[in-house]
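Quick look at final.cif (mmCIF, C-alpha atoms):
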data_input
#
loop_
_atom_site.label_atom_id
_atom_site.label_comp_id
_atom_site.auth_asym_id
_atom_site.auth_seq_id
_atom_site.Cartn_x
_atom_site.Cartn_y
_atom_site.Cartn_z
CA MET A 136 0.00 0.00 0.00
CA THR A 137 3.03 2.31 0.46
CA GLY A 138 3.15 4.93 -2.29
CA LEU A 139 -0.16 3.81 -3.78
CA TYR A 140 -0.87 7.19 -5.33
CA THR A 141 2.66 7.44 -6.66
CA THR A 142 2.44 4.03 -8.33
CA LEU A 143 -0.95 4.80 -9.85
CA ASN A 144 0.19 8.20 -11.12
CA LEU A 145 3.35 6.80 -12.68
CA THR A 146 1.36 4.07 -14.44
CA MET A 147 -1.24 6.47 -15.78
CA SER A 148 1.45 8.92 -16.91
CA ILE A 149 2.64 6.52 -19.62
CA PRO A 150 -0.02 7.46 -22.23
CA VAL A 151 0.37 11.16 -21.34
CA VAL A 152 4.10 11.01 -22.00
CA ALA A 153 3.52 8.96 -25.17
CA THR A 154 1.03 11.51 -26.52
CA ALA A 155 3.36 14.44 -25.76
CA ALA A 156 6.29 12.64 -27.39
CA LEU A 157 4.16 11.93 -30.45
CA ALA A 158 3.16 15.60 -30.66
CA ALA A 159 6.79 16.71 -30.35
CA TRP A 160 7.76 14.36 -33.18
CA ARG A 161 4.83 15.06 -35.51
CA LEU A 162 4.30 18.81 -35.18
CA ARG A 163 6.25 21.38 -37.16
CA GLY A 164 6.32 25.13 -37.60
CA SER A 165 3.37 27.10 -36.27
CA ASP A 166 1.62 23.90 -35.18
CA ARG A 167 4.48 23.12 -32.80
CA ARG A 168 4.59 26.68 -31.47
CA ARG A 169 0.85 26.67 -30.76
CA TRP A 170 1.21 23.32 -29.00
CA LEU A 171 4.05 24.56 -26.80
CA VAL A 172 2.13 27.70 -25.88
CA GLY A 173 -0.98 25.64 -25.11
CA VAL A 174 0.90 23.18 -22.90
CA GLY A 175 2.92 25.88 -21.13
CA GLY A 176 -0.05 28.15 -20.49
CA ALA A 177 -2.34 25.38 -19.31
CA LEU A 178 0.40 23.94 -17.10
CA ALA A 179 1.10 27.25 -15.37
CA ILE A 180 -2.57 27.95 -14.72
CA LEU A 181 -3.48 24.45 -13.50
CA LEU A 182 -0.45 24.12 -11.22
CA VAL A 183 -1.20 27.44 -9.53
CA LEU A 184 -4.90 26.62 -9.13
CA THR A 185 -4.09 23.14 -7.79
CA ALA A 186 -1.62 24.53 -5.26
CA VAL A 187 -4.06 27.16 -4.03
CA PHE A 188 -7.24 25.12 -3.83
CA ASP A 189 -5.64 21.88 -2.58
CA ASN A 190 -4.04 23.72 0.31
CA LEU A 191 -7.27 25.55 1.09
CA MET A 192 -9.38 22.37 1.07
CA ILE A 193 -6.91 20.42 3.18
CA ALA A 194 -6.57 23.29 5.66
CA ALA A 195 -10.37 23.49 5.91
CA GLY A 196 -10.58 19.76 6.63
CA LEU A 197 -12.61 19.00 3.47
CA VAL A 198 -10.12 16.33 2.35
CA ALA A 199 -7.34 14.37 4.03
CA TYR A 200 -4.64 12.00 2.82
CA ASP A 201 -3.18 8.93 4.42
CA THR A 202 0.58 9.53 4.44
CA ALA A 203 1.12 5.77 4.04
CA LEU A 204 -0.37 6.01 0.54
CA THR A 205 1.82 8.90 -0.66
CA SER A 206 5.51 9.52 -1.24
CA GLY A 207 5.63 11.97 1.67
CA PHE A 208 6.63 14.98 -0.43
CA ARG A 209 4.29 17.95 -0.05
CA LEU A 210 3.91 21.47 -1.36
CA GLY A 211 2.49 23.20 1.66
CA LEU A 212 -0.23 20.80 2.83
CA ALA A 213 -0.83 19.24 -0.60
CA PRO A 214 0.80 15.89 -1.49
CA ILE A 215 2.99 16.19 -4.57
CA GLU A 216 0.92 13.40 -6.21
CA ASP A 217 -2.05 15.76 -6.47
CA PHE A 218 -0.18 17.86 -9.00
CA SER A 219 0.11 14.94 -11.41
CA TYR A 220 -3.51 15.44 -12.45
CA ALA A 221 -2.81 19.05 -13.38
CA VAL A 222 0.29 18.02 -15.32
CA ALA A 223 -1.56 15.20 -17.09
CA ALA A 224 -4.46 17.45 -18.12
CA ALA A 225 -2.19 20.32 -19.20
CA VAL A 226 0.00 18.04 -21.32
CA PHE A 227 -2.47 15.46 -22.66
CA VAL A 228 -5.38 17.68 -23.76
CA PRO A 229 -3.34 20.21 -25.81
CA SER A 230 -1.21 17.39 -27.26
CA ALA A 231 -4.20 15.33 -28.34
CA TRP A 232 -5.97 18.37 -29.73
CA ALA A 233 -2.88 19.52 -31.64
CA LEU A 234 -2.42 16.09 -33.20
CA LEU A 235 -6.04 16.01 -34.34
CA THR A 236 -6.18 19.52 -35.77
CA ALA A 237 -2.69 19.90 -37.25
CA GLY A 238 -1.94 19.05 -40.84
CA GLY A 239 0.48 16.35 -39.83
CA ARG A 240 4.24 16.08 -39.99
CA GLY A 241 5.65 18.51 -42.49
CA THR A 242 2.30 20.19 -43.14
CA GLY A 243 2.60 23.25 -40.90
CA GLU A 244 2.02 26.66 -42.39
CA ASP A 245 5.70 27.54 -42.21
CA ASP A 246 7.95 24.53 -41.81
CA ASP A 247 11.01 25.30 -39.70
CA GLU A 248 13.28 23.81 -42.36
CA GLY A 249 11.72 25.87 -45.14
CA HIS A 250 10.24 22.90 -46.99
CA ASP A 251 6.94 23.11 -48.80
CA PRO A 252 3.98 21.36 -47.15
CA ASP A 253 3.34 17.81 -48.29
CA PRO A 254 0.69 17.47 -50.98
CA PRO A 255 -2.76 16.37 -49.75
CA ALA A 256 -2.40 12.94 -51.29
CA ALA A 257 0.77 12.30 -49.32
CA ALA A 258 -0.23 13.89 -46.01
CA GLY A 259 -1.07 11.16 -43.52
CA ARG A 260 -1.07 8.46 -46.20
CA ALA A 261 2.55 7.35 -46.32
CA ALA A 262 3.14 4.23 -44.28
CA PRO A 263 5.24 4.89 -41.17
CA PRO A 264 8.85 3.81 -41.72
CA GLY A 265 9.75 0.48 -40.19
CA LEU A 266 7.73 -2.24 -38.51
CA LEU A 267 7.90 -0.79 -34.99
CA ALA A 268 6.59 2.59 -36.16
CA THR A 269 3.81 0.84 -38.06
CA LEU A 270 2.78 -1.16 -34.99
CA PHE A 271 2.95 1.97 -32.85
CA TRP A 272 0.50 3.80 -35.11
CA ALA A 273 -1.73 0.75 -35.46
CA SER A 274 -2.13 0.57 -31.66
CA ARG A 275 -3.70 4.09 -31.51
CA PRO A 276 -1.42 5.51 -28.75
CA VAL A 277 -3.81 8.38 -28.02
CA SER A 278 -6.42 5.79 -26.98
CA TRP A 279 -4.23 3.58 -24.78
CA ILE A 280 -5.54 5.14 -21.60
CA ASN A 281 -9.15 4.27 -22.52
CA THR A 282 -8.59 0.58 -21.78
CA ALA A 283 -5.78 0.73 -19.20
CA ALA A 284 -7.58 3.13 -16.87
CA PRO A 285 -10.76 1.02 -16.47
CA PHE A 286 -8.66 -1.98 -15.47
CA ALA A 287 -6.36 -0.02 -13.13
CA LEU A 288 -9.17 1.89 -11.42
CA ALA A 289 -11.34 -1.23 -10.96
CA TYR A 290 -8.37 -3.16 -9.59
CA LEU A 291 -7.52 -0.33 -7.20
CA LEU A 292 -11.10 0.02 -6.00
CA ALA A 293 -11.57 -3.73 -5.54
CA SER A 294 -8.27 -4.39 -3.77
CA GLY A 295 -7.64 -1.08 -2.04
CA GLY A 296 -4.06 -1.19 -3.28
CA PHE A 297 -1.78 -1.75 -6.23
CA ASP A 298 0.79 -4.51 -6.64
CA VAL A 299 2.79 -6.26 -9.37
CA ARG A 300 -0.30 -8.04 -10.64
CA GLY A 301 -2.09 -4.72 -11.03
CA VAL A 302 0.87 -3.10 -12.80
CA ILE A 303 1.27 -5.98 -15.28
CA GLY A 304 -2.46 -6.02 -15.97
CA SER A 305 -2.43 -2.26 -16.56
CA LEU A 306 0.49 -2.57 -18.97
CA PHE A 307 -1.33 -5.32 -20.87
CA PHE A 308 -4.47 -3.24 -21.32
CA LEU A 309 -2.34 -0.18 -22.10
CA VAL A 310 -0.45 -1.40 -25.20
CA PRO A 311 -0.73 -5.09 -26.27
CA TYR A 312 -4.52 -5.10 -25.91
CA ASN A 313 -4.83 -2.01 -28.08
CA LEU A 314 -2.40 -3.33 -30.68
CA ALA A 315 -4.53 -6.47 -30.99
CA MET A 316 -7.83 -4.60 -31.05
CA TYR A 317 -6.89 -1.91 -33.55
CA GLY A 318 -4.29 -3.90 -35.48
CA ILE A 319 -6.78 -6.66 -36.33
CA ASN A 320 -9.29 -3.97 -37.25
CA ASP A 321 -6.84 -2.24 -39.61
CA VAL A 322 -6.01 -5.49 -41.37
CA PHE A 323 -9.60 -6.45 -42.09
CA ASP A 324 -10.87 -2.89 -42.71
CA TYR A 325 -8.17 -2.11 -45.27
CA GLU A 326 -10.53 -1.55 -48.22
CA SER A 327 -12.75 0.82 -46.27
CA ASP A 328 -9.80 2.70 -44.76
CA LEU A 329 -8.33 3.36 -48.21
CA ARG A 330 -11.47 5.35 -49.08
CA ASN A 331 -11.53 7.25 -45.79
CA PRO A 332 -9.57 10.55 -45.79
CA ARG A 333 -9.44 10.76 -41.98
CA LYS A 334 -7.44 7.54 -41.81
CA GLY A 335 -3.68 7.61 -41.79
CA GLY A 336 -3.03 9.46 -38.50
CA VAL A 337 -4.15 9.47 -34.89
CA GLU A 338 -7.71 8.60 -35.92
CA GLY A 339 -6.58 5.32 -37.45
CA SER A 340 -3.85 4.04 -39.69
CA VAL A 341 -4.07 2.75 -43.24
CA LEU A 342 -2.05 -0.41 -42.79
CA ASP A 343 0.01 -1.27 -45.84
CA ARG A 344 -0.73 -4.75 -47.19
CA SER A 345 2.90 -5.77 -46.68
CA ARG A 346 2.45 -5.21 -42.92
CA HIS A 347 -0.78 -7.18 -42.45
CA ARG A 348 0.78 -10.53 -41.56
CA ALA A 349 3.39 -8.94 -39.30
CA THR A 350 0.70 -6.95 -37.46
CA LEU A 351 -1.36 -10.07 -36.78
CA VAL A 352 1.73 -11.97 -35.60
CA ALA A 353 2.79 -9.07 -33.35
CA SER A 354 -0.72 -8.80 -31.94
CA ALA A 355 -0.70 -12.48 -30.95
CA GLY A 356 2.91 -12.46 -29.76
CA THR A 357 2.47 -9.50 -27.42
CA THR A 358 -0.90 -10.51 -25.95
CA LEU A 359 -0.51 -14.25 -25.31
CA PRO A 360 2.21 -13.98 -22.59
CA PHE A 361 0.11 -11.42 -20.70
CA LEU A 362 -3.02 -13.52 -21.04
CA ALA A 363 -1.19 -16.57 -19.70
CA TYR A 364 0.12 -14.59 -16.73
CA LEU A 365 -3.27 -13.06 -15.86
CA VAL A 366 -4.91 -16.48 -16.01
CA ALA A 367 -2.19 -17.94 -13.76
CA VAL A 368 -2.52 -15.25 -11.08
CA GLY A 369 -6.27 -14.64 -11.40
CA THR A 370 -9.48 -16.39 -10.46
CA LEU A 371 -11.67 -18.65 -12.55
CA GLU A 372 -14.16 -15.82 -12.95
CA SER A 373 -11.52 -13.31 -14.05
CA SER A 374 -10.11 -15.85 -16.52
CA LEU A 375 -13.54 -16.35 -18.09
CA TRP A 376 -14.04 -12.60 -18.43
CA LEU A 377 -10.53 -12.28 -19.85
CA ALA A 378 -11.34 -14.95 -22.45
CA ALA A 379 -14.57 -13.12 -23.34
CA SER A 380 -12.61 -9.88 -23.69
CA ALA A 381 -10.03 -11.48 -26.00
CA PHE A 382 -12.78 -13.11 -28.08
CA ALA A 383 -14.58 -9.76 -28.46
CA VAL A 384 -11.37 -8.13 -29.70
CA ILE A 385 -11.02 -10.78 -32.42
CA ALA A 386 -14.71 -11.18 -33.26
CA TYR A 387 -15.25 -7.47 -33.82
CA SER A 388 -13.08 -7.33 -36.95
CA ALA A 389 -11.85 -10.76 -38.05
CA ARG A 390 -13.19 -12.29 -41.22
CA GLY A 391 -15.85 -14.94 -40.58
CA LEU A 392 -17.08 -13.21 -37.41
CA ARG A 393 -17.17 -9.46 -38.17
CA PHE A 394 -19.37 -8.40 -35.26
CA LYS A 395 -18.73 -4.82 -36.37
CA GLU A 396 -20.91 -5.50 -39.41
CA ILE A 397 -23.88 -6.68 -37.35
CA PRO A 398 -25.92 -3.59 -36.42
CA PHE A 399 -26.28 -2.99 -32.67
CA LEU A 400 -24.01 -5.95 -31.91
CA ASP A 401 -21.24 -3.73 -33.29
CA SER A 402 -21.99 -1.05 -30.68
CA VAL A 403 -22.29 -3.55 -27.82
CA THR A 404 -19.08 -5.37 -28.76
CA SER A 405 -17.14 -2.13 -29.11
CA ALA A 406 -18.41 -0.99 -25.71
CA PHE A 407 -17.40 -4.34 -24.20
CA HIS A 408 -13.84 -3.67 -25.37
CA PHE A 409 -13.65 -0.91 -22.75
CA VAL A 410 -15.92 -2.40 -20.08
CA SER A 411 -14.27 -5.84 -20.00
CA PRO A 412 -10.90 -4.55 -18.69
CA ALA A 413 -12.78 -3.10 -15.71
CA ILE A 414 -14.53 -6.43 -15.08
CA VAL A 415 -11.23 -8.29 -15.31
CA GLY A 416 -9.59 -5.85 -12.91
CA TRP A 417 -12.45 -6.23 -10.43
CA THR A 418 -12.66 -10.03 -10.51
CA LEU A 419 -8.89 -10.59 -10.66
CA VAL A 420 -8.74 -10.03 -6.90
CA GLY A 421 -11.88 -12.08 -6.25
CA ALA A 422 -14.18 -9.12 -5.60
CA PRO A 423 -17.89 -9.97 -6.13
CA LEU A 424 -19.93 -8.41 -8.93
CA THR A 425 -22.71 -6.93 -6.80
CA GLY A 426 -25.79 -5.12 -8.00
CA ALA A 427 -24.12 -1.75 -7.47
CA VAL A 428 -21.10 -2.84 -9.50
CA TRP A 429 -23.34 -4.10 -12.31
CA ALA A 430 -25.15 -0.74 -12.37
CA CYS A 431 -21.84 1.05 -12.93
CA LEU A 432 -20.80 -1.46 -15.59
CA ALA A 433 -24.17 -1.14 -17.36
CA ALA A 434 -23.81 2.65 -17.48
CA PHE A 435 -20.27 2.25 -18.80
CA LEU A 436 -21.54 -0.15 -21.48
CA LEU A 437 -24.25 2.31 -22.53
CA TRP A 438 -21.66 5.08 -22.74
CA GLY A 439 -19.42 2.89 -24.91
CA ALA A 440 -22.27 1.84 -27.21
CA ALA A 441 -23.29 5.47 -27.67
CA SER A 442 -19.72 6.53 -28.47
CA GLN A 443 -19.26 3.74 -31.03
CA ALA A 444 -22.56 4.53 -32.74
CA PHE A 445 -21.78 8.24 -32.99
CA GLY A 446 -18.30 7.44 -34.30
CA ALA A 447 -19.81 5.25 -37.02
CA VAL A 448 -21.88 8.16 -38.38
CA GLN A 449 -18.87 9.93 -39.90
CA ASP A 450 -17.97 6.79 -41.88
CA VAL A 451 -21.40 6.07 -43.38
CA ARG A 452 -20.42 6.90 -46.96
CA PHE A 453 -17.04 5.15 -46.84
CA ASP A 454 -18.48 2.00 -45.28
CA ARG A 455 -21.25 1.82 -47.86
CA GLU A 456 -18.76 2.27 -50.71
CA ALA A 457 -16.71 -0.61 -49.28
CA GLY A 458 -19.82 -2.79 -48.83
CA LEU A 459 -19.57 -2.74 -45.02
CA SER A 460 -22.53 -2.67 -42.64
CA SER A 461 -22.80 -0.88 -39.30
CA VAL A 462 -25.43 0.52 -37.01
CA ALA A 463 -25.06 3.79 -38.94
CA THR A 464 -25.38 2.31 -42.45
CA VAL A 465 -28.58 0.53 -41.41
CA LEU A 466 -30.25 3.24 -39.33
CA GLY A 467 -28.91 6.20 -41.26
CA ALA A 468 -26.95 9.12 -39.86
CA ARG A 469 -29.78 10.99 -38.14
CA ALA A 470 -31.35 7.97 -36.44
CA THR A 471 -27.91 6.78 -35.30
CA VAL A 472 -27.15 10.12 -33.66
CA ARG A 473 -30.45 9.91 -31.81
CA PHE A 474 -29.69 6.32 -30.80
CA ALA A 475 -26.39 7.56 -29.33
CA LEU A 476 -28.21 10.32 -27.45
CA ALA A 477 -30.66 7.77 -26.01
CA CYS A 478 -27.79 5.56 -24.81
CA TYR A 479 -25.98 8.47 -23.16
CA ALA A 480 -29.20 9.55 -21.45
CA ALA A 481 -29.84 5.99 -20.27
CA ALA A 482 -26.30 5.85 -18.81
CA VAL A 483 -27.03 8.99 -16.77
CA VAL A 484 -30.31 7.54 -15.50
CA VAL A 485 -28.72 4.21 -14.50
CA LEU A 486 -25.96 5.95 -12.56
CA VAL A 487 -28.30 8.34 -10.76
CA VAL A 488 -30.93 5.70 -9.94
CA ALA A 489 -28.97 2.49 -9.35
CA ALA A 490 -25.35 3.39 -8.53
CA PRO A 491 -24.35 4.29 -4.95
CA TRP A 492 -22.70 7.57 -4.06
CA PRO A 493 -20.04 8.61 -4.98
CA ALA A 494 -20.20 6.42 -8.12
CA SER A 495 -23.44 8.13 -9.14
CA GLY A 496 -21.46 11.35 -9.42
CA ALA A 497 -19.94 9.96 -12.63
CA ALA A 498 -23.24 10.87 -14.31
CA ALA A 499 -21.93 14.43 -14.55
CA ALA A 500 -19.06 13.18 -16.74
CA VAL A 501 -21.57 11.90 -19.33
CA LEU A 502 -23.37 15.24 -19.75
CA PRO A 503 -20.70 16.84 -22.01
CA TYR A 504 -21.09 13.91 -24.41
CA LEU A 505 -24.83 14.51 -24.56
CA ALA A 506 -24.25 18.17 -25.36
CA THR A 507 -21.67 17.41 -28.05
CA VAL A 508 -23.76 14.79 -29.84
CA ALA A 509 -27.01 16.80 -29.53
CA ALA A 510 -25.47 19.44 -31.83
CA TYR A 511 -25.71 16.89 -34.68
CA ALA A 512 -29.28 15.72 -34.05
CA ARG A 513 -30.36 16.92 -37.51
CA VAL A 514 -27.42 15.56 -39.47
CA GLY A 515 -28.27 13.55 -42.60
CA ASP A 516 -26.45 10.95 -44.67
CA GLY A 517 -25.35 13.64 -47.11
CA ASP A 518 -23.44 15.65 -44.52
CA ALA A 519 -22.65 12.89 -42.03
CA GLU A 520 -18.91 13.50 -42.35
CA ARG A 521 -19.22 16.80 -40.49
CA THR A 522 -19.74 14.81 -37.28
CA ASN A 523 -15.99 14.20 -37.39
CA GLU A 524 -15.55 17.58 -35.69
CA GLY A 525 -17.66 16.34 -32.79
CA TRP A 526 -15.79 13.05 -32.76
CA LYS A 527 -12.47 14.86 -32.44
CA ARG A 528 -13.74 16.50 -29.26
CA PHE A 529 -14.17 13.05 -27.74
CA LEU A 530 -10.44 12.78 -27.05
CA VAL A 531 -10.66 15.85 -24.85
CA LEU A 532 -13.94 14.70 -23.28
CA ASN A 533 -12.48 11.27 -22.59
CA GLY A 534 -9.58 12.87 -20.74
CA LEU A 535 -11.90 15.01 -18.63
CA ALA A 536 -14.27 12.12 -17.93
CA GLY A 537 -11.34 9.90 -16.96
CA PHE A 538 -10.08 12.58 -14.59
CA CYS A 539 -13.50 12.81 -12.90
CA VAL A 540 -13.86 9.05 -12.54
CA THR A 541 -10.31 8.75 -11.19
CA GLN A 542 -11.10 11.29 -8.49
CA ILE A 543 -14.24 9.35 -7.55
CA VAL A 544 -12.29 6.09 -7.29
CA LEU A 545 -9.53 7.64 -5.18
CA TRP A 546 -12.13 9.25 -2.94
CA SER A 547 -13.85 5.89 -2.52
CA VAL A 548 -10.57 4.17 -1.64
CA ILE A 549 -9.83 6.81 1.00
CA VAL A 550 -13.33 6.58 2.48
CA TRP A 551 -13.51 2.79 2.50
CA SER A 552 -9.93 2.09 3.63
#
Show this structure as structure tokens.
Amino acid sequence: MTGLYTTLNLTMSIPVVATAALAAWRLRGSDRRRWLVGVGGALAILLVLTAVFDNLMIAAGLVAYDTALTSGFRLGLAPIEDFSYAVAAAVFVPSAWALLTAGGRGTGEDDDEGHDPDPPAAAGRAAPPGLLATLFWASRPVSWINTAAPFALAYLLASGGFDVRGVIGSLFFLVPYNLAMYGINDVFDYESDLRNPRKGGVEGSVLDRSRHRATLVASAGTTLPFLAYLVAVGTLESSLWLAASAFAVIAYSARGLRFKEIPFLDSVTSAFHFVSPAIVGWTLVGAPLTGAVWACLAAFLLWGAASQAFGAVQDVRFDREAGLSSVATVLGARATVRFALACYAAAVVVLVVAAPWPASGAAAAVLPYLATVAAYARVGDGDAERTNEGWKRFLVLNGLAGFCVTQIVLWSVIVWS
């Protein structure tokens, strides 16, 4: 239990550092300058606000920290670990936003080296050099945290601590799991991705045919050792959920199964990709799946289904051209947006009605998604691609929602320990 917060913060800092490193490598010219200003400005503001309000709240007795769970270093009354959230938000959000809105490497308005911007056909389309770079892009590094955090937070909440088993499980759901999930998807969605102009960057790679076999081999080679370990150190229940999670990753995209082409099952399976790590983390330590836990998991599943459905809207035309089916190609853009809104609203209701406090407070984290998607309630098939702007905001919303949920989990651990 010693240094629990430190261990958790260091683990969760991996995707933040990866995103910042990716931004530093990809951005050029004015894009890089705007990113540096954004990170520096946000960092200065958030650190000052954290220092002021943390010290005020601790001095007022509103919050307290068990010194056995921290490193012992403090700034005033505030544990140094508290500042990691400010650093993570200040670095991750501007980095993710810059990667999504910039023209890509070499496409800044005024390249520092004086080179002309890459032509549109080349921007974001050239395969990353080397196998490791290809696998890195295929794993969607900006999204690593979306699967690692549910496992880590569930494990922490269920066990009240963090050990080697929790760290190894977090690392598995951080990188290998995402490489398998997105790598398999890129192999079997190749024809559709070729037609999709938003592919080829942080929103998804266009995996060169020559890399398909290597990606599948790497996906298996990096996941199997982790799966074997988690089965060996887990419970029967966690092993069954882990098997279901691995099956869902394969079944979503692989030829012969293609759950992603079965309307509504595509949304549920995609949501399970993010919910299952939390279930594995919870059951790995033998914690029971009570009614309250199921309420939280159901809300999480509804959130995931809504996000997948809304994300499918922007690809309606490209999927139809490639002969692919999805909840969006069957329902149409407008009905799919409304389906997503209904799922988000249902998630809020489930949390408020069935989840105990403070878990029910996570309902507030869903509201920004409702507001974002509601702006596209009248979108049609002809202009469905404009929902990509809303989809890009999800990276920022996911970071904010993850921050809120993390605070709730840490609060619960403090209260229950």
*For CA of Thr418 (chain A) and CA of Leu436 (chain A), quote the distance in Å rounded to one decimal.*
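Pair CA of Thr418 (chain A) / CA of Leu436 (chain A) returns 17.2 Å.
The list of residues with at least one atom within 7 Å of region 371-376 of chain A, based on all atoms listed in the file and without residues fewer than 2 positions apart in the same chain, reads Val366, Gly369, Ala378, Ala379, Ser380, Ser411, Val415, Thr418 and Leu419 of chain A.
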_Test item: the PyMOL selection byres ((chain A and resi 434) around 9) resolved as a ChimeraX atom specification_ = /A:429-433,435-439,478-479,481-486,498
Mind writing the picked residues with C-alpha atoms as a short mmCIF file (atom, residue, chain, number, x, y, z; two decimals), in the frame of the given file?
data_model
loop_
_atom_site.label_atom_id
_atom_site.label_comp_id
_atom_site.auth_asym_id
_atom_site.auth_seq_id
_atom_site.Cartn_x
_atom_site.Cartn_y
_atom_site.Cartn_z
CA TRP A 429 -23.34 -4.10 -12.31
CA ALA A 430 -25.15 -0.74 -12.37
CA CYS A 431 -21.84 1.05 -12.93
CA LEU A 432 -20.80 -1.46 -15.59
CA ALA A 433 -24.17 -1.14 -17.36
CA PHE A 435 -20.27 2.25 -18.80
CA LEU A 436 -21.54 -0.15 -21.48
CA LEU A 437 -24.25 2.31 -22.53
CA TRP A 438 -21.66 5.08 -22.74
CA GLY A 439 -19.42 2.89 -24.91
CA CYS A 478 -27.79 5.56 -24.81
CA TYR A 479 -25.98 8.47 -23.16
CA ALA A 481 -29.84 5.99 -20.27
CA ALA A 482 -26.30 5.85 -18.81
CA VAL A 483 -27.03 8.99 -16.77
CA VAL A 484 -30.31 7.54 -15.50
CA VAL A 485 -28.72 4.21 -14.50
CA LEU A 486 -25.96 5.95 -12.56
CA ALA A 498 -23.24 10.87 -14.31
#
*Give the answer as one residue: which of A:Pro150, A:Gly421, A:Pro398, A:Gly496 has the shortest atom-to-atom distance to Ser461 (chain A), using only C-alpha atoms?*
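Looking at the shortest contact to Ser461 (chain A), the residue is A:Pro398.
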*asked:* When you count all atoms listed in the file, which of these residues is closest to Gly534 (chain A): A:Ala203, A:Ala223, A:Leu210, A:Val514?
replied: A:Ala223
*Using only C-alpha atoms: which of A:Leu476, A:Val531, A:Ala519, A:Leu400 has the shortest distance to Phe453 (chain A)*: A:Ala519
_Please compute the CA of Ile193 (chain A)-CA of Ile180 (chain A) distance, one decimal, in Å._
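Distance reported for this atom pair: 19.9 Å.
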Need the shell around Gly517 (chain A): protein/DNA/RNA residues with any atom at most 10 Å away, counting all atoms listed in the file. Skip same-chain ones fewer than 6 positions apart. Format as a PDB file with C-alpha atoms, in the frame of the given file?
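Below is the file around-v8.pdb, written as the result:
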ATOM      1  CA  VAL A 451     -21.400   6.070 -43.380  1.00  0.00           C
ATOM      2  CA  ARG A 452     -20.420   6.900 -46.960  1.00  0.00           C
ATOM      3  CA  ALA A 468     -26.950   9.120 -39.860  1.00  0.00           C
TER       4      ALA A 468
END
_Atomic separation - CA of Ala224 (chain A) relative to CA of Arg169 (chain A), Å_ =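 Distance between the two atoms: 16.5 Å.
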Would you give me, as JSON lines, each residue of region 426-532 of chain A having an atom within 9 Å of an atom of region 541-547 of chain A, along with its shortest atom pair and that distance in Å to one decimal, using only C-alpha atoms and sorting by chain and residue number?
{"residue": "A:Pro493", "atom": "CA", "partner": "A:Ile543", "partner_atom": "CA", "distance": 6.4}
{"residue": "A:Ala494", "atom": "CA", "partner": "A:Ile543", "partner_atom": "CA", "distance": 6.7}
{"residue": "A:Gly496", "atom": "CA", "partner": "A:Ile543", "partner_atom": "CA", "distance": 7.7}
{"residue": "A:Ala497", "atom": "CA", "partner": "A:Ile543", "partner_atom": "CA", "distance": 7.7}
*What residues have an atom no more than 9 Å from (-3.0, -7.8, -24.7) in the file's own frame, counting all atoms listed in the file, and can you write them as a list in words?*
Gly304, Leu306, Phe307, Phe308, Leu309, Val310, Pro311, Tyr312, Asn313, Leu314, Ala315, Met316, Ser354, Ala355, Thr357, Thr358, Leu359, Pro360, Phe361, Leu362 and Ala381 of chain A
